[in-house]
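Heads up: the structure comes next, in structure tokens.
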Amino acid sequence: GKNKLSIVDVGAGNGITTIALALEGHDVIALEPDPSEIIGAGVIAQLVEQYQLNNVEIVVDICENLVLAHEVDLVISRQAMHHANNLNQYLNSMSKCLKKGGLAFTIRDHVLLNSAEKPLFLDRHPLHKFYGGENAYTLEQYNNAFQNANLEIKEVLSYFESIINFFPMTWILKKNSQLI
């Protein structure tokens with residue numbers, strides 16, 4: 001049989017990862033600071049009801065405040081870590097809720113080449129001006145925060161090393177079909 005995992009989905013958004021993992025039989029805590037029924041925890045609650053899932057817990061909060069009653073096998077942060085106001089606290093919270101040997105998996109975060117690039121990045125981000133929730137860090141800042149949280153980095157994928165990172169550059173693949 002499959003191993004049933006206990007998972008925290010940090011920055012769960014509209015629940016796409018949470019629901020997929022729950023439908024696979026895993027116990028999932030969806031951590032999402034936005035309570036809305038358009039893009040946030042409210043959508044997840046609707047999906048939990050629609051699929052009649054009893055293995056999803058929804059927590060409306062930021063990762064920096066995460067405290068669990070029990071440790072989990074896996075913490076996933078998809079397109080969420082760069083939103084951290086306090087990167088060290090964000091990763092410390094993730095680390096503290098992991099079982100010994102557990103895995104923290106972060107994916108698709110904005111990485112700055114240097115700190116001077118940050119104001120330009122925020123100015124050019126299409127959504128930041130509307131809600132102010134964007135952020136970004138340098139690779140060194142991310143690496144230091146992982147180290148400070150006693151999380152060992154197993155692998156770092158830079159852009160174009162994995163198809164996961166191609167979007168929003170997918171149009172390159174369409175124009176140059178030989179790359180597909």
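We name chains A, B, ... following the order of the structure tokens; residues begin at 1 in each chain, and ligands are numbered from 1 as shown.
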(request) List every residue of stretch 97-164 of chain A that DSSP, applied to the backbone of this structure, places in strand (DSSP E or B), and write the result as a list in words. (result) Leu98, Lys99, Lys100, Gly101, Gly102, Leu103, Ala104, Phe105, Thr106, Ile107, Val111, Leu112, Tyr137 and Thr138 of chain A
Could you write those residues out with all heavy atoms, as a JSON list (two decimals), in the first residue's frame?
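The resulting file, out27.json, is shown below:
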[["chain", "number", "residue", "atom", "x", "y", "z"],
["A", 98, "LEU", "N", 8.45, 19.86, 11.29],
["A", 98, "LEU", "CA", 8.85, 18.63, 10.59],
["A", 98, "LEU", "C", 9.29, 17.53, 11.55],
["A", 98, "LEU", "O", 10.01, 17.79, 12.51],
["A", 98, "LEU", "CB", 10.00, 18.91, 9.63],
["A", 98, "LEU", "CG", 9.67, 19.54, 8.29],
["A", 98, "LEU", "CD1", 10.94, 19.89, 7.55],
["A", 98, "LEU", "CD2", 8.81, 18.61, 7.45],
["A", 99, "LYS", "N", 8.88, 16.30, 11.25],
["A", 99, "LYS", "CA", 9.40, 15.13, 11.95],
["A", 99, "LYS", "C", 10.89, 15.00, 11.63],
["A", 99, "LYS", "O", 11.35, 15.48, 10.59],
["A", 99, "LYS", "CB", 8.70, 13.85, 11.48],
["A", 99, "LYS", "CG", 7.26, 13.73, 11.87],
["A", 99, "LYS", "CD", 6.65, 12.45, 11.29],
["A", 99, "LYS", "CE", 5.18, 12.36, 11.66],
["A", 99, "LYS", "NZ", 4.55, 11.20, 11.00],
["A", 100, "LYS", "N", 11.62, 14.28, 12.48],
["A", 100, "LYS", "CA", 13.02, 13.98, 12.18],
["A", 100, "LYS", "C", 13.06, 13.22, 10.85],
["A", 100, "LYS", "O", 12.31, 12.28, 10.65],
["A", 100, "LYS", "CB", 13.63, 13.14, 13.30],
["A", 100, "LYS", "CG", 15.11, 12.88, 13.15],
["A", 100, "LYS", "CD", 15.67, 12.21, 14.39],
["A", 100, "LYS", "CE", 17.09, 11.77, 14.21],
["A", 100, "LYS", "NZ", 18.05, 12.80, 13.88],
["A", 101, "GLY", "N", 13.88, 13.68, 9.93],
["A", 101, "GLY", "CA", 13.93, 13.06, 8.61],
["A", 101, "GLY", "C", 12.88, 13.57, 7.65],
["A", 101, "GLY", "O", 12.79, 13.11, 6.51],
["A", 102, "GLY", "N", 12.05, 14.54, 8.09],
["A", 102, "GLY", "CA", 11.01, 15.10, 7.23],
["A", 102, "GLY", "C", 11.61, 15.98, 6.15],
["A", 102, "GLY", "O", 12.79, 16.32, 6.18],
["A", 103, "LEU", "N", 10.78, 16.36, 5.20],
["A", 103, "LEU", "CA", 11.24, 17.11, 4.04],
["A", 103, "LEU", "C", 10.50, 18.44, 3.93],
["A", 103, "LEU", "O", 9.27, 18.48, 4.00],
["A", 103, "LEU", "CB", 11.01, 16.30, 2.76],
["A", 103, "LEU", "CG", 11.42, 16.93, 1.43],
["A", 103, "LEU", "CD1", 12.93, 17.09, 1.32],
["A", 103, "LEU", "CD2", 10.89, 16.09, 0.27],
["A", 104, "ALA", "N", 11.27, 19.51, 3.75],
["A", 104, "ALA", "CA", 10.71, 20.82, 3.41],
["A", 104, "ALA", "C", 10.98, 21.01, 1.92],
["A", 104, "ALA", "O", 12.12, 20.91, 1.48],
["A", 104, "ALA", "CB", 11.38, 21.92, 4.23],
["A", 105, "PHE", "N", 9.94, 21.26, 1.16],
["A", 105, "PHE", "CA", 10.05, 21.36, -0.29],
["A", 105, "PHE", "C", 9.54, 22.73, -0.71],
["A", 105, "PHE", "O", 8.37, 23.06, -0.51],
["A", 105, "PHE", "CB", 9.22, 20.25, -0.94],
["A", 105, "PHE", "CG", 9.27, 20.21, -2.43],
["A", 105, "PHE", "CD1", 10.40, 19.75, -3.10],
["A", 105, "PHE", "CD2", 8.18, 20.62, -3.18],
["A", 105, "PHE", "CE1", 10.44, 19.70, -4.48],
["A", 105, "PHE", "CE2", 8.21, 20.58, -4.56],
["A", 105, "PHE", "CZ", 9.34, 20.12, -5.22],
["A", 106, "THR", "N", 10.43, 23.56, -1.24],
["A", 106, "THR", "CA", 10.03, 24.89, -1.70],
["A", 106, "THR", "C", 10.24, 24.96, -3.21],
["A", 106, "THR", "O", 11.20, 24.40, -3.73],
["A", 106, "THR", "CB", 10.82, 26.01, -1.00],
["A", 106, "THR", "OG1", 12.20, 25.92, -1.35],
["A", 106, "THR", "CG2", 10.66, 25.92, 0.51],
["A", 107, "ILE", "N", 9.32, 25.63, -3.88],
["A", 107, "ILE", "CA", 9.37, 25.65, -5.33],
["A", 107, "ILE", "C", 8.82, 26.96, -5.89],
["A", 107, "ILE", "O", 7.90, 27.55, -5.33],
["A", 107, "ILE", "CB", 8.58, 24.44, -5.90],
["A", 107, "ILE", "CG1", 8.69, 24.35, -7.40],
["A", 107, "ILE", "CG2", 7.15, 24.45, -5.44],
["A", 107, "ILE", "CD1", 8.10, 23.08, -7.98],
["A", 111, "VAL", "N", 13.78, 34.91, -7.20],
["A", 111, "VAL", "CA", 15.17, 35.01, -6.72],
["A", 111, "VAL", "C", 15.80, 36.25, -7.35],
["A", 111, "VAL", "O", 15.83, 36.39, -8.57],
["A", 111, "VAL", "CB", 15.99, 33.75, -7.10],
["A", 111, "VAL", "CG1", 17.42, 33.87, -6.58],
["A", 111, "VAL", "CG2", 15.32, 32.49, -6.55],
["A", 112, "LEU", "N", 16.29, 37.13, -6.49],
["A", 112, "LEU", "CA", 16.98, 38.34, -6.96],
["A", 112, "LEU", "C", 18.44, 38.03, -7.24],
["A", 112, "LEU", "O", 19.06, 37.22, -6.54],
["A", 112, "LEU", "CB", 16.91, 39.42, -5.88],
["A", 112, "LEU", "CG", 15.53, 39.91, -5.44],
["A", 112, "LEU", "CD1", 15.66, 40.84, -4.25],
["A", 112, "LEU", "CD2", 14.83, 40.61, -6.59],
["A", 137, "TYR", "N", 14.04, 37.52, -2.55],
["A", 137, "TYR", "CA", 15.32, 37.46, -1.84],
["A", 137, "TYR", "C", 16.40, 36.95, -2.79],
["A", 137, "TYR", "O", 16.10, 36.33, -3.81],
["A", 137, "TYR", "CB", 15.21, 36.52, -0.63],
["A", 137, "TYR", "CG", 14.17, 36.96, 0.37],
["A", 137, "TYR", "CD1", 12.87, 36.47, 0.31],
["A", 137, "TYR", "CD2", 14.49, 37.88, 1.36],
["A", 137, "TYR", "CE1", 11.92, 36.88, 1.23],
["A", 137, "TYR", "CE2", 13.54, 38.30, 2.28],
["A", 137, "TYR", "CZ", 12.26, 37.80, 2.20],
["A", 137, "TYR", "OH", 11.32, 38.22, 3.10],
["A", 138, "THR", "N", 17.65, 37.17, -2.41],
["A", 138, "THR", "CA", 18.75, 36.63, -3.19],
["A", 138, "THR", "C", 18.94, 35.16, -2.82],
["A", 138, "THR", "O", 18.49, 34.71, -1.76],
["A", 138, "THR", "CB", 20.07, 37.37, -2.91],
["A", 138, "THR", "OG1", 20.43, 37.16, -1.54],
["A", 138, "THR", "CG2", 19.94, 38.86, -3.21]]
Would you pick out the contacts of A:Ile39 at 8 Å or less, using only C-alpha atoms, so that residues sharing its chain but fewer than 3 positions from it are not included, and give the list as a PDB file with N, CA, C and O atoms, in the first residue's frame?
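What landed in result_1.pdb:
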ATOM      1  N   GLY A  13      -3.096  28.896  -1.205  1.00  0.00           N
ATOM      2  CA  GLY A  13      -3.830  29.592  -2.271  1.00  0.00           C
ATOM      3  C   GLY A  13      -5.242  29.079  -2.416  1.00  0.00           C
ATOM      4  O   GLY A  13      -5.997  29.010  -1.451  1.00  0.00           O
ATOM      5  N   ASN A  14      -5.606  28.665  -3.634  1.00  0.00           N
ATOM      6  CA  ASN A  14      -6.962  28.162  -3.884  1.00  0.00           C
ATOM      7  C   ASN A  14      -7.070  26.657  -3.655  1.00  0.00           C
ATOM      8  O   ASN A  14      -8.092  26.062  -3.934  1.00  0.00           O
ATOM      9  N   ASP A  34      -4.919  34.286   3.188  1.00  0.00           N
ATOM     10  CA  ASP A  34      -6.054  34.973   2.573  1.00  0.00           C
ATOM     11  C   ASP A  34      -7.325  34.153   2.803  1.00  0.00           C
ATOM     12  O   ASP A  34      -7.441  33.036   2.309  1.00  0.00           O
ATOM     13  N   SER A  36     -10.290  34.646   1.611  1.00  0.00           N
ATOM     14  CA  SER A  36     -11.311  34.888   0.587  1.00  0.00           C
ATOM     15  C   SER A  36     -11.814  33.620  -0.096  1.00  0.00           C
ATOM     16  O   SER A  36     -11.143  32.598  -0.144  1.00  0.00           O
ATOM     17  N   GLY A  42     -11.232  30.247   1.647  1.00  0.00           N
ATOM     18  CA  GLY A  42     -12.647  30.007   1.390  1.00  0.00           C
ATOM     19  C   GLY A  42     -12.869  29.058   0.208  1.00  0.00           C
ATOM     20  O   GLY A  42     -13.788  28.241   0.221  1.00  0.00           O
ATOM     21  N   VAL A  43     -12.008  29.165  -0.793  1.00  0.00           N
ATOM     22  CA  VAL A  43     -12.089  28.254  -1.944  1.00  0.00           C
ATOM     23  C   VAL A  43     -11.764  26.830  -1.489  1.00  0.00           C
ATOM     24  O   VAL A  43     -12.443  25.873  -1.875  1.00  0.00           O
TER      25      VAL A  43
END
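Between A:Arg78 and the residues A:Ala45, A:Leu66, A:Val28, A:Ile16, the shortest atom-to-atom distance, using only C-alpha atoms, involves A:Ile16.
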(request) Find the residues around A:Tyr142 up to 10 Å (only C-alpha atoms counted), leave out those fewer than 4 positions away in its own chain, and share them as a VMD selection string. (result) chain A and resid 81 to 82 87 to 88 91 109 111 136 to 138 146 to 148
(request) For each of A:Asp73, A:Gly133, A:Val10, A:Arg108, take the minimum atom-to-atom distance to A:Val60, counting only C-alpha atoms, then give the residue where this is smallest. (result)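 Checking each candidate against A:Val60, we get A:Val10 as the closest.
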(request) Find the residue from A:Ile19, A:Val8, A:Ala84, A:Cys63 that sits nearest to A:Tyr51; use only C-alpha atoms when measuring. (result)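 Result for the nearest residue to A:Tyr51: A:Ile19.
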(request) Going by DSSP on the backbone, which bits of stretch 113-155 of chain A are helix (DSSP H, G or I)? Write them as a ChimeraX atom specification, please. (result) /A:115-124,128-131,139-148
(message) Applying 12 Å and only C-alpha atoms, which residues near A:Val48 remain after dropping the ones on its own chain fewer than 5 positions away? List them as a PyMOL selection string.
(response) chain A and resi 14-16+18-23+28-30+41-43+53-58
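What separates atom CA of A:Lys129 from atom CA of A:Leu31 is a distance of 24.0 Å.
Checking A:Ile44, A:Met94, A:Ala116, A:Val59 one by one against A:Asn150, counting only C-alpha atoms, you find the shortest gap at A:Met94.
Residue nearest A:Ser95 within the list A:Asp123, A:Glu49, A:Glu117, A:Glu64: A:Glu64 [criterion: smallest interatomic distance, only C-alpha atoms].
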(request) Please measure the separation of atom CA of A:Lys118 and atom CA of A:Ile76, giving the value in Å to one decimal. (result)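 It comes out at 24.8 Å.
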